[in-house]
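Colleague: My questions all concern the structure below.
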Amino acid sequence: MAVGRDQIITLAIQHLNEDPTASMAQLAEATGVSRATLHRYFAGKEELLVVLGSRALDGWERVQRQAAIEEAAASADPARITTALHELLTGLVNDVQEHGFALTEHVMTKLPGLQERADELEEREIAFYLAAQRAGVLRPDLPVRWISNTVYGLLVAVRESLRRGDVARRDIERTLLETFLRGTS
């Protein structure tokens, strides 16, 4: 059975979540194709990472949209903001299981267009956290970027805890929500 581009991408993501430092040779082996076949689809690891990074950013943006963070922020309604915050964090937990490698793949921040897009998505979240502070949902005494960085750090902890089996999948959303909300609200 021939492995196509989309299958290679999916398998590469899965492998990078287990071994973020994997070489193209290791990715070829993990995806069940030869290095030549992998290079037919992607000239090098940088090109592959651009595709994978774009997918990770698509997921982040999808989570933000589904949680309706911009609408919740504009409403200034604490109940609506709280609901959006829970949906955002839960969505990010689910997304990190698919694209967790992207959280700490620093090469991706140097790739064309990815850092700019990541900055836009982060600014959207920061505006939401600021609205949550103003609505009394999150502590106003914390710098808003600290809150954003805390979410990021917790997502790395989610990825690592799931990868190592430290926290059961069924408990991870609750664990993240409780950890975050007890320290910021």
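Note on naming: chains are A, B, ... as they come in the structure tokens, residues start from 1 per chain, ligands start from 1 in the order shown.
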Going by DSSP on the backbone, which bits of segment 43-145 of chain A are alpha helix (DSSP H)? Write them as a VMD selection string, please.

Modeller: chain A and resid 45 to 67 69 to 75 78 to 99 114 to 134 144 to 145

Colleague: Give me the residues within 7 Å of segment 130-132 of chain A as a list in words, counting only C-alpha atoms and dropping any in the same chain fewer than 5 places off.

Modeller: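 Listed by chain and then number, they are Ala73, Ala76, Ile81, Val137, Leu138 and Val144 of chain A.
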
Colleague: For the atom pair atom CA of Asp77 of chain A and atom CA of Val96 of chain A, what is the interatomic distance in Å to one decimal place?

Modeller: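 These atoms are spaced 28.0 Å apart.
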
Colleague: Do a neighbour search on Tyr41 of chain A at 9 Å with only C-alpha atoms, toss out local chain neighbours closer than 6 positions, and write the hits as a list of chain:residue names.

Modeller: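 Final neighbour list, sorted by chain and number: A:Gly4, A:Arg5, A:Ile8, A:Leu48.
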
Colleague: Name all residues at most 12 Å from Ala74 of chain A (count only C-alpha atoms; drop same-chain ones fewer than 3 positions away) and give them as an MDAnalysis selection string.

Modeller: chainID A and resid 68:71 77:78 80:81 84 124 127:132 134:135

Colleague: Take the residues from that selection and put them in a file with C-alpha atoms, as a PDB file, in the first residue's frame.

Modeller:
ATOM      1  CA  ALA A  68     -15.510  32.234  20.633  1.00  0.00           C
ATOM      2  CA  ILE A  69     -12.923  34.132  22.648  1.00  0.00           C
ATOM      3  CA  GLU A  70     -13.190  37.342  20.631  1.00  0.00           C
ATOM      4  CA  GLU A  71     -16.961  37.450  20.995  1.00  0.00           C
ATOM      5  CA  ASP A  77     -19.934  39.254  30.397  1.00  0.00           C
ATOM      6  CA  PRO A  78     -18.159  37.278  33.143  1.00  0.00           C
ATOM      7  CA  ARG A  80     -19.672  34.178  28.854  1.00  0.00           C
ATOM      8  CA  ILE A  81     -15.955  34.800  29.380  1.00  0.00           C
ATOM      9  CA  ALA A  84     -15.105  30.659  26.681  1.00  0.00           C
ATOM     10  CA  ARG A 124      -5.781  37.337  20.248  1.00  0.00           C
ATOM     11  CA  ALA A 127      -6.695  40.308  24.490  1.00  0.00           C
ATOM     12  CA  PHE A 128      -9.089  37.634  25.737  1.00  0.00           C
ATOM     13  CA  TYR A 129      -7.168  37.137  29.001  1.00  0.00           C
ATOM     14  CA  LEU A 130      -7.141  40.912  29.506  1.00  0.00           C
ATOM     15  CA  ALA A 131     -10.927  40.993  29.037  1.00  0.00           C
ATOM     16  CA  ALA A 132     -11.172  38.127  31.550  1.00  0.00           C
ATOM     17  CA  ARG A 134     -11.349  43.240  33.513  1.00  0.00           C
ATOM     18  CA  ALA A 135     -14.492  41.111  33.987  1.00  0.00           C
TER      19      ALA A 135
END

Colleague: Would you pick out the contacts of Thr21 of chain A at 12 Å or less, using only C-alpha atoms, so that residues sharing its chain but fewer than 5 positions from it are not included, and give the list as an mmCIF file with N, CA and C atoms, in the first residue's frame?

Modeller:
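This went into selection.cif:
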data_model
loop_
_atom_site.group_PDB
_atom_site.id
_atom_site.type_symbol
_atom_site.label_atom_id
_atom_site.label_comp_id
_atom_site.auth_asym_id
_atom_site.auth_seq_id
_atom_site.Cartn_x
_atom_site.Cartn_y
_atom_site.Cartn_z
ATOM 1 N N ALA A 12 4.179 11.625 10.641
ATOM 2 C CA ALA A 12 5.307 12.470 11.079
ATOM 3 C C ALA A 12 4.941 13.231 12.348
ATOM 4 N N ILE A 13 3.725 13.746 12.398
ATOM 5 C CA ILE A 13 3.264 14.447 13.605
ATOM 6 C C ILE A 13 3.296 13.493 14.800
ATOM 7 N N HIS A 15 5.073 10.836 15.227
ATOM 8 C CA HIS A 15 6.446 10.509 15.611
ATOM 9 C C HIS A 15 7.124 11.705 16.300
ATOM 10 N N LEU A 16 6.915 12.894 15.776
ATOM 11 C CA LEU A 16 7.526 14.077 16.391
ATOM 12 C C LEU A 16 6.975 14.338 17.785
ATOM 13 N N GLN A 26 14.808 9.210 10.372
ATOM 14 C CA GLN A 26 13.945 8.610 11.382
ATOM 15 C C GLN A 26 12.473 8.812 11.041
ATOM 16 N N LEU A 27 12.141 9.982 10.495
ATOM 17 C CA LEU A 27 10.755 10.245 10.100
ATOM 18 C C LEU A 27 10.352 9.355 8.928
ATOM 19 N N LYS A 45 13.729 18.913 6.079
ATOM 20 C CA LYS A 45 12.982 18.976 7.335
ATOM 21 C C LYS A 45 12.312 20.341 7.500
ATOM 22 N N LEU A 49 8.494 20.909 8.367
ATOM 23 C CA LEU A 49 8.098 21.640 9.572
ATOM 24 C C LEU A 49 7.185 22.821 9.258
ATOM 25 N N PHE A 101 4.300 18.573 19.692
ATOM 26 C CA PHE A 101 5.701 18.809 19.336
ATOM 27 C C PHE A 101 5.948 20.273 18.992
ATOM 28 N N ALA A 102 4.931 20.937 18.444
ATOM 29 C CA ALA A 102 5.090 22.321 17.982
ATOM 30 C C ALA A 102 5.290 23.298 19.140
ATOM 31 N N THR A 104 7.412 23.201 21.520
ATOM 32 C CA THR A 104 8.823 23.424 21.855
ATOM 33 C C THR A 104 9.752 23.244 20.662
ATOM 34 N N GLU A 105 9.210 23.187 19.470
ATOM 35 C CA GLU A 105 10.040 23.084 18.264
ATOM 36 C C GLU A 105 10.442 24.499 17.867
ATOM 37 N N HIS A 106 11.555 24.959 18.436
ATOM 38 C CA HIS A 106 11.970 26.347 18.255
ATOM 39 C C HIS A 106 12.403 26.678 16.831
ATOM 40 N N VAL A 107 12.760 25.674 16.060
ATOM 41 C CA VAL A 107 13.111 25.915 14.662
ATOM 42 C C VAL A 107 11.911 26.520 13.933
#

Colleague: Nearest residue to His86 of chain A out of A:Leu177, A:Val167, A:Val63, A:Ala2, using only C-alpha atoms?

Modeller: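 Nearest candidate to His86 of chain A out of A:Leu177, A:Val167, A:Val63, A:Ala2: A:Leu177.
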
Colleague: Can you tell me which residues surround Gly44 of chain A at a distance of at most 12 Å, considering only C-alpha atoms, apart from same-chain residues fewer than 6 positions away, and format the answer as a PyMOL selection string?

Modeller: chain A and resi 23-25+27-28+35-38+50-51

Colleague: With all heavy atoms retained, could you export that selection as an mmCIF file, in the first residue's frame?

Modeller:
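Written output follows (part.cif):
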data_model
loop_
_atom_site.group_PDB
_atom_site.id
_atom_site.type_symbol
_atom_site.label_atom_id
_atom_site.label_comp_id
_atom_site.auth_asym_id
_atom_site.auth_seq_id
_atom_site.Cartn_x
_atom_site.Cartn_y
_atom_site.Cartn_z
ATOM 1 N N SER A 23 15.235 12.945 13.014
ATOM 2 C CA SER A 23 15.810 13.347 11.728
ATOM 3 C C SER A 23 14.870 12.940 10.599
ATOM 4 O O SER A 23 13.918 12.179 10.801
ATOM 5 C CB SER A 23 17.160 12.660 11.536
ATOM 6 O OG SER A 23 16.946 11.254 11.388
ATOM 7 N N MET A 24 15.159 13.399 9.400
ATOM 8 C CA MET A 24 14.369 12.995 8.234
ATOM 9 C C MET A 24 14.452 11.485 8.034
ATOM 10 O O MET A 24 13.465 10.857 7.676
ATOM 11 C CB MET A 24 14.824 13.743 6.977
ATOM 12 C CG MET A 24 14.403 15.208 6.948
ATOM 13 S SD MET A 24 12.622 15.446 6.840
ATOM 14 C CE MET A 24 12.375 15.340 5.068
ATOM 15 N N ALA A 25 15.610 10.898 8.281
ATOM 16 C CA ALA A 25 15.749 9.445 8.141
ATOM 17 C C ALA A 25 14.841 8.725 9.141
ATOM 18 O O ALA A 25 14.168 7.750 8.795
ATOM 19 C CB ALA A 25 17.205 9.033 8.348
ATOM 20 N N LEU A 27 12.141 9.982 10.495
ATOM 21 C CA LEU A 27 10.755 10.245 10.100
ATOM 22 C C LEU A 27 10.352 9.355 8.928
ATOM 23 O O LEU A 27 9.223 8.862 8.883
ATOM 24 C CB LEU A 27 10.564 11.723 9.763
ATOM 25 C CG LEU A 27 10.615 12.669 10.961
ATOM 26 C CD1 LEU A 27 10.628 14.123 10.497
ATOM 27 C CD2 LEU A 27 9.464 12.414 11.913
ATOM 28 N N ALA A 28 11.272 9.151 7.992
ATOM 29 C CA ALA A 28 10.977 8.263 6.873
ATOM 30 C C ALA A 28 10.682 6.859 7.391
ATOM 31 O O ALA A 28 9.689 6.235 6.998
ATOM 32 C CB ALA A 28 12.142 8.238 5.886
ATOM 33 N N ARG A 35 13.663 7.334 2.450
ATOM 34 C CA ARG A 35 14.076 8.737 2.529
ATOM 35 C C ARG A 35 13.822 9.433 1.200
ATOM 36 O O ARG A 35 13.428 10.598 1.167
ATOM 37 C CB ARG A 35 15.553 8.822 2.936
ATOM 38 C CG ARG A 35 15.748 8.494 4.398
ATOM 39 C CD ARG A 35 17.192 8.443 4.808
ATOM 40 N NE ARG A 35 17.915 9.673 4.505
ATOM 41 C CZ ARG A 35 19.204 9.830 4.693
ATOM 42 N NH1 ARG A 35 19.925 8.837 5.167
ATOM 43 N NH2 ARG A 35 19.789 10.948 4.403
ATOM 44 N N ALA A 36 14.025 8.718 0.101
ATOM 45 C CA ALA A 36 13.793 9.302 -1.227
ATOM 46 C C ALA A 36 12.328 9.699 -1.394
ATOM 47 O O ALA A 36 12.019 10.775 -1.911
ATOM 48 C CB ALA A 36 14.211 8.320 -2.316
ATOM 49 N N THR A 37 11.425 8.835 -0.941
ATOM 50 C CA THR A 37 9.995 9.152 -1.036
ATOM 51 C C THR A 37 9.655 10.354 -0.164
ATOM 52 O O THR A 37 8.933 11.264 -0.588
ATOM 53 C CB THR A 37 9.136 7.933 -0.623
ATOM 54 O OG1 THR A 37 9.428 6.867 -1.519
ATOM 55 C CG2 THR A 37 7.659 8.262 -0.653
ATOM 56 N N LEU A 38 10.182 10.385 1.046
ATOM 57 C CA LEU A 38 9.932 11.519 1.936
ATOM 58 C C LEU A 38 10.431 12.808 1.295
ATOM 59 O O LEU A 38 9.738 13.831 1.308
ATOM 60 C CB LEU A 38 10.594 11.286 3.296
ATOM 61 C CG LEU A 38 10.284 12.309 4.383
ATOM 62 C CD1 LEU A 38 8.795 12.372 4.685
ATOM 63 C CD2 LEU A 38 11.053 11.955 5.659
ATOM 64 N N VAL A 50 7.367 23.446 8.097
ATOM 65 C CA VAL A 50 6.454 24.529 7.706
ATOM 66 C C VAL A 50 5.038 23.975 7.562
ATOM 67 O O VAL A 50 4.070 24.564 8.055
ATOM 68 C CB VAL A 50 6.911 25.220 6.400
ATOM 69 C CG1 VAL A 50 5.825 26.128 5.847
ATOM 70 C CG2 VAL A 50 8.182 26.023 6.636
ATOM 71 N N VAL A 51 4.912 22.833 6.917
ATOM 72 C CA VAL A 51 3.596 22.206 6.751
ATOM 73 C C VAL A 51 3.027 21.811 8.107
ATOM 74 O O VAL A 51 1.864 22.102 8.414
ATOM 75 C CB VAL A 51 3.679 20.985 5.808
ATOM 76 C CG1 VAL A 51 2.375 20.207 5.795
ATOM 77 C CG2 VAL A 51 4.061 21.430 4.407
#

Colleague: Taking only C-alpha atoms into account, which of A:Val33, A:Leu89, A:Leu57, A:Val156 comes nearest Glu120 of chain A?

Modeller: A:Leu57

Colleague: Work out how far apart atom CA of Glu160 of chain A and atom CA of Ala30 of chain A are and give it in Å to one decimal.

Modeller: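 Between atom CA of Glu160 of chain A and atom CA of Ala30 of chain A the gap works out to 20.3 Å.
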
Colleague: Using only C-alpha atoms, which residue out of A:Arg55, A:Lys110, A:Arg182, A:Arg40 lies closest to Glu98 of chain A?

Modeller: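 Counting only C-alpha atoms, the residue closest to Glu98 of chain A is A:Arg55.
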
Colleague: Calculate how many Å separate atom CA of Leu11 of chain A from atom CA of Arg164 of chain A, rounding to one decimal.

Modeller: 19.2 Å
